[in-house]
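Okay, structure first, notes after.
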Amino acid sequence: MARRSSWLPGKRTLLGLCSFGTVLAVYSIVSNLPDANQVITPPPQAILATLAEGVADGSLFSAIFASLGRVLVGYALGCSAAIVLGVLMGWFRTFEYLVDPLVEAIRPIPPLAYIPLVIIWVGIDERSRILVIFLAAFLTCIVSTITGVKQVPRVFVEAAQTLGASQMRLFLTVAIPSALPYIFAGLRVALAASWTTLVAAELVAAQDGLGWLLQNGRRFLRTDVVMAGVVVIGVLAFSMDRGLRYLQHRWTRWADVR
Amino acid sequence: MSADRSPSGTLSVEGVSHVFSRVNQPDLTVLDEISLSIEQNSFVSLVGPSGCGKSTLLRMMAGLEKPTAGRILLDGRAVEGPNAERGMVFQQDAVFPWMTVQKNVEYGPRSRGLPRAECARIADEWIRLVGLEGFASSYSRELSGGMRKRVDLARVYANNPRVLLMDEPFGALDSQTRETMQDELLRIWEAERKTVVFVTHDLEEALYLSDRVIVFSPRPGKIVANEAVDFRRPRPSDIRVSDGFVAARRRLWGLLSPARADRSPS
């Protein structure tokens with residue numbers, strides 16, 4: 001088992017780098033052709049130079065700092081609320097009947113649709129951006145949390161009951177661990193949704209952050225800035241997802257998630 | 001080990017019926033006024049064709065289902081819901097996959113609030129008794145089907161219930177593992193006699209294990225025979241091919257399926 005898991009990531013990483021490398025190579029060739037317009041398609045070296053410049057004058061870090069703060073706060077609050085509420089909804093029938101219609105009615109509305117309303121109610125400040133990310137994380141995470149708790153096999157519940165487990169113990173030692181793989185799936189989808197929403201929120205209502213950087217780049221036709229921003233967002237979101245995957249692997253190894 | 005609880009474990013089933021109500025269809029009577037008494041420390045099998053309600057009766061004994069009519073008593077007290085007095089082994093794999101073997105076996109004692117050290121000691125002992133030494137820190141997915149059943153047995157025994165209810169526990173195992181597990185179960189049971197109610201559709205299994213075999217009719221389930229099995233214990237494995245065993249099996253087969261009594265058992 002240990003041998004297989006050390007061999008697989010090696011092959012996976014290699015293949016993953018292959019597809020990434022191909023895209024980079026093709027773009028590099030196209031953007032470096034003699035008649036390529038460097039303003040529209042800045043070559044990789046120009047994007048790198050822009051990134052280096054952003055690092056040197058600190059503007060990149062302040063943008064990252066602003067965006068990462070929003071994502072982390074909104075995401076953490078949204079997912080915490082979703083897990084608490086979702087576990088209760090999945091476990092207690094009465095609670096589900098009470099809250100489910102509301103959640104189901106709100107869920108199909110894209111979180112971005114709330115931006116105008118949030119601006120009217122809360123104004124254009126930090127709270128409104130965090131609120132929109134909170135909504136995005138909450139609404140995506142709660143669905144899989146509910147599913148996870150509902151999918152707890154009956155035989156586990158009955159085994160625990162006939163071993164004398166109290167309701168509370170059943171909930172803590174059977175319902176939640178059994179739902180954990182689903183909860184992790186929800187956490188990962190919610191993370192992607194949080195980044196999506198963050199950038200959109202910053203495009204329309206912010207004076208700093210990575211989304212604002214993109215918007216600024218477009219305004220001055222600095223395609224290299226836009227692409228540098230895209231790369232940074234990609235790297236950040238990817239690293240956070242990797243972190244989650246690592247936790248998922250550690251905590252739900254029993255479920256054999258690869 | 002059994003000293004901390006009164007050694008009784010007498011089950012009485014009094015006029016129990018079970019009726020499923022269905023949508024747009026007449027109600028389905030699964031069990032029809034069953035009355036039955038199971039002596040303490042005896043090993044009793046319930047056999048019958050599928051759908052005769054034997055599993056439903058067992059689940060009612062566990063407190064996982066409620067009888068539509070009648071009641072079930074354990075040592076004179078009515079069964080109200082599931083608890084640690086009546087342990088259950090299921091046909092499906094019920095080992096918690098997110099816990100190690102050790103934690104699984106400790107689960108019952110921990111649920112009853114015994115001190116941590118005491119739980120660990122009980123679990124160690126039962127893990128050893130079911131032959132899983134060296135697997136205490138393994139997870140369910142690392143074990144074979146037979147080993148998981150051993151965990152199930154250790155887990156339920158470690159909780160020291162008054163009655164053990166087993167719902168076709170070996171039904172999903174291959175025939176060789178199944179015979180090994182039957183011998184294991186007998187060995188454990190001879191060492192620590194408890195009331196066992198064992199549901200199976202396998203007559204050979206029922207005869208080999210039990211003091212008493214109770215035969216149910218097809219739905220709606222009624223008791224058509226309640227026979228003592230007198231083979232001396234401990235029973236050797238090859239008793240299964242002795243003349244007396246084969247004759248008993250043939251006779252029960254006739255009771256089980258009167259319409260097919262002229263055909264030889266499979």
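Identifiers in this document derive from the order of the structure tokens: chains are assigned A, B, ..., residues are numbered from 1 separately in each chain, and ligands are numbered from 1 in order of occurrence.
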At a cut-off of 10 Å, list the chain A residues touching chain B, using only C-alpha atoms, as an MDAnalysis selection string.
-> chainID A and resid 1 153:166 169:170 173:174 177:178 180 251:256
All residues 9 Å or closer to region 203-208 of chain B, only C-alpha atoms, same chain fewer than 2 positions away omitted, as a list of chain:residue names | B:Val44, B:Ser45, B:Leu46, B:Val47, B:Gly48, B:Glu179, B:Gln182, B:Phe198, B:Val199, B:Thr200, B:His201, B:Ser210, B:Asp211, B:Arg212, B:Val213, B:Val229, B:Phe231, B:Arg235, B:Ser237, B:Ile239, B:Arg240, B:Phe245, B:Val246, B:Ala248, B:Arg249, B:Leu252, B:Trp253
Shell around Arg150 (chain B) at 9 Å using only C-alpha atoms, local window under 4 positions removed, as an MDAnalysis selection string = chainID B and resid 127 130:132 145:146 154:155 181 184
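Residues of region 134-165 of chain B assigned to strand (DSSP E or B) by DSSP on this structure's backbone: B:Tyr139, B:Val163, B:Leu164, B:Leu165.
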With N, CA and C atoms retained, write the just-selected residues as an mmCIF file, in the first residue's frame.
```cif
data_model
loop_
_atom_site.group_PDB
_atom_site.id
_atom_site.type_symbol
_atom_site.label_atom_id
_atom_site.label_comp_id
_atom_site.auth_asym_id
_atom_site.auth_seq_id
_atom_site.Cartn_x
_atom_site.Cartn_y
_atom_site.Cartn_z
ATOM 1 N N TYR B 139 -7.084 -0.839 9.921
ATOM 2 C CA TYR B 139 -8.390 -0.317 9.559
ATOM 3 C C TYR B 139 -9.154 -1.375 8.777
ATOM 4 N N VAL B 163 -27.822 -10.704 25.678
ATOM 5 C CA VAL B 163 -28.267 -11.508 24.538
ATOM 6 C C VAL B 163 -27.484 -11.074 23.312
ATOM 7 N N LEU B 164 -27.092 -12.075 22.499
ATOM 8 C CA LEU B 164 -26.437 -11.775 21.226
ATOM 9 C C LEU B 164 -27.409 -12.102 20.105
ATOM 10 N N LEU B 165 -27.664 -11.120 19.264
ATOM 11 C CA LEU B 165 -28.571 -11.326 18.144
ATOM 12 C C LEU B 165 -27.737 -11.315 16.872
#
```
Quick one: everything within 12 Å of Leu247 (chain A), counting only C-alpha atoms, minus sequence neighbours fewer than 3 positions away in the same chain. Send it as an MDAnalysis selection string.
-> chainID A and resid 180:181 183:185 187:188 240:244 250:253 257
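Once Gly186 (chain A) and its same-chain neighbours fewer than 3 positions away are set aside, A:Thr140, A:Cys141, A:Ser144, A:Thr145, A:Tyr182, A:Ile183, A:Val189, A:Ala190 remain within 7 Å of it when counting only C-alpha atoms.
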Written selection (all heavy atoms) as an mmCIF file, in the first residue's frame:
```cif
data_model
loop_
_atom_site.group_PDB
_atom_site.id
_atom_site.type_symbol
_atom_site.label_atom_id
_atom_site.label_comp_id
_atom_site.auth_asym_id
_atom_site.auth_seq_id
_atom_site.Cartn_x
_atom_site.Cartn_y
_atom_site.Cartn_z
ATOM 1 N N THR A 140 -22.230 26.487 -1.430
ATOM 2 C CA THR A 140 -21.694 25.291 -2.101
ATOM 3 C C THR A 140 -21.360 24.199 -1.084
ATOM 4 O O THR A 140 -21.531 23.022 -1.362
ATOM 5 C CB THR A 140 -20.427 25.623 -2.921
ATOM 6 O OG1 THR A 140 -19.635 26.528 -2.174
ATOM 7 C CG2 THR A 140 -20.770 26.226 -4.249
ATOM 8 N N CYS A 141 -20.908 24.597 0.085
ATOM 9 C CA CYS A 141 -20.455 23.603 1.065
ATOM 10 C C CYS A 141 -21.615 22.884 1.743
ATOM 11 O O CYS A 141 -21.529 21.696 2.049
ATOM 12 C CB CYS A 141 -19.579 24.292 2.121
ATOM 13 S SG CYS A 141 -18.767 23.144 3.235
ATOM 14 N N SER A 144 -23.129 19.422 -0.021
ATOM 15 C CA SER A 144 -22.471 18.125 0.133
ATOM 16 C C SER A 144 -22.402 17.694 1.590
ATOM 17 O O SER A 144 -22.377 16.500 1.877
ATOM 18 C CB SER A 144 -21.089 18.119 -0.513
ATOM 19 O OG SER A 144 -20.373 19.241 -0.138
ATOM 20 N N THR A 145 -22.407 18.670 2.512
ATOM 21 C CA THR A 145 -22.436 18.282 3.929
ATOM 22 C C THR A 145 -23.743 17.552 4.245
ATOM 23 O O THR A 145 -23.748 16.498 4.892
ATOM 24 C CB THR A 145 -22.298 19.521 4.830
ATOM 25 O OG1 THR A 145 -21.119 20.223 4.465
ATOM 26 C CG2 THR A 145 -22.206 19.131 6.286
ATOM 27 N N TYR A 182 -17.504 13.487 2.282
ATOM 28 C CA TYR A 182 -18.395 14.403 1.566
ATOM 29 C C TYR A 182 -18.124 15.843 1.981
ATOM 30 O O TYR A 182 -18.152 16.752 1.165
ATOM 31 C CB TYR A 182 -19.850 14.074 1.870
ATOM 32 C CG TYR A 182 -20.336 12.805 1.232
ATOM 33 C CD1 TYR A 182 -20.142 11.576 1.838
ATOM 34 C CD2 TYR A 182 -21.001 12.838 0.006
ATOM 35 C CE1 TYR A 182 -20.580 10.407 1.262
ATOM 36 C CE2 TYR A 182 -21.451 11.676 -0.586
ATOM 37 C CZ TYR A 182 -21.240 10.465 0.049
ATOM 38 O OH TYR A 182 -21.672 9.321 -0.533
ATOM 39 N N ILE A 183 -17.882 16.034 3.282
ATOM 40 C CA ILE A 183 -17.624 17.385 3.766
ATOM 41 C C ILE A 183 -16.363 17.938 3.097
ATOM 42 O O ILE A 183 -16.330 19.089 2.672
ATOM 43 C CB ILE A 183 -17.503 17.393 5.308
ATOM 44 C CG1 ILE A 183 -18.855 17.021 5.927
ATOM 45 C CG2 ILE A 183 -17.030 18.754 5.809
ATOM 46 C CD1 ILE A 183 -18.854 16.916 7.437
ATOM 47 N N VAL A 189 -14.941 22.311 -3.313
ATOM 48 C CA VAL A 189 -15.780 23.041 -4.267
ATOM 49 C C VAL A 189 -15.986 24.471 -3.774
ATOM 50 O O VAL A 189 -15.933 25.429 -4.547
ATOM 51 C CB VAL A 189 -17.141 22.325 -4.448
ATOM 52 C CG1 VAL A 189 -18.003 23.088 -5.436
ATOM 53 C CG2 VAL A 189 -16.933 20.906 -4.928
ATOM 54 N N ALA A 190 -16.192 24.598 -2.466
ATOM 55 C CA ALA A 190 -16.439 25.927 -1.891
ATOM 56 C C ALA A 190 -15.222 26.835 -2.050
ATOM 57 O O ALA A 190 -15.356 28.037 -2.249
ATOM 58 C CB ALA A 190 -16.810 25.796 -0.412
#
```
Backbone-only DSSP, helix (DSSP H, G or I) members of region 46-219 of chain B, as a PyMOL selection string = chain B and resi 54-62+101-111+116-129+140-142+145-158+175-191+203-209
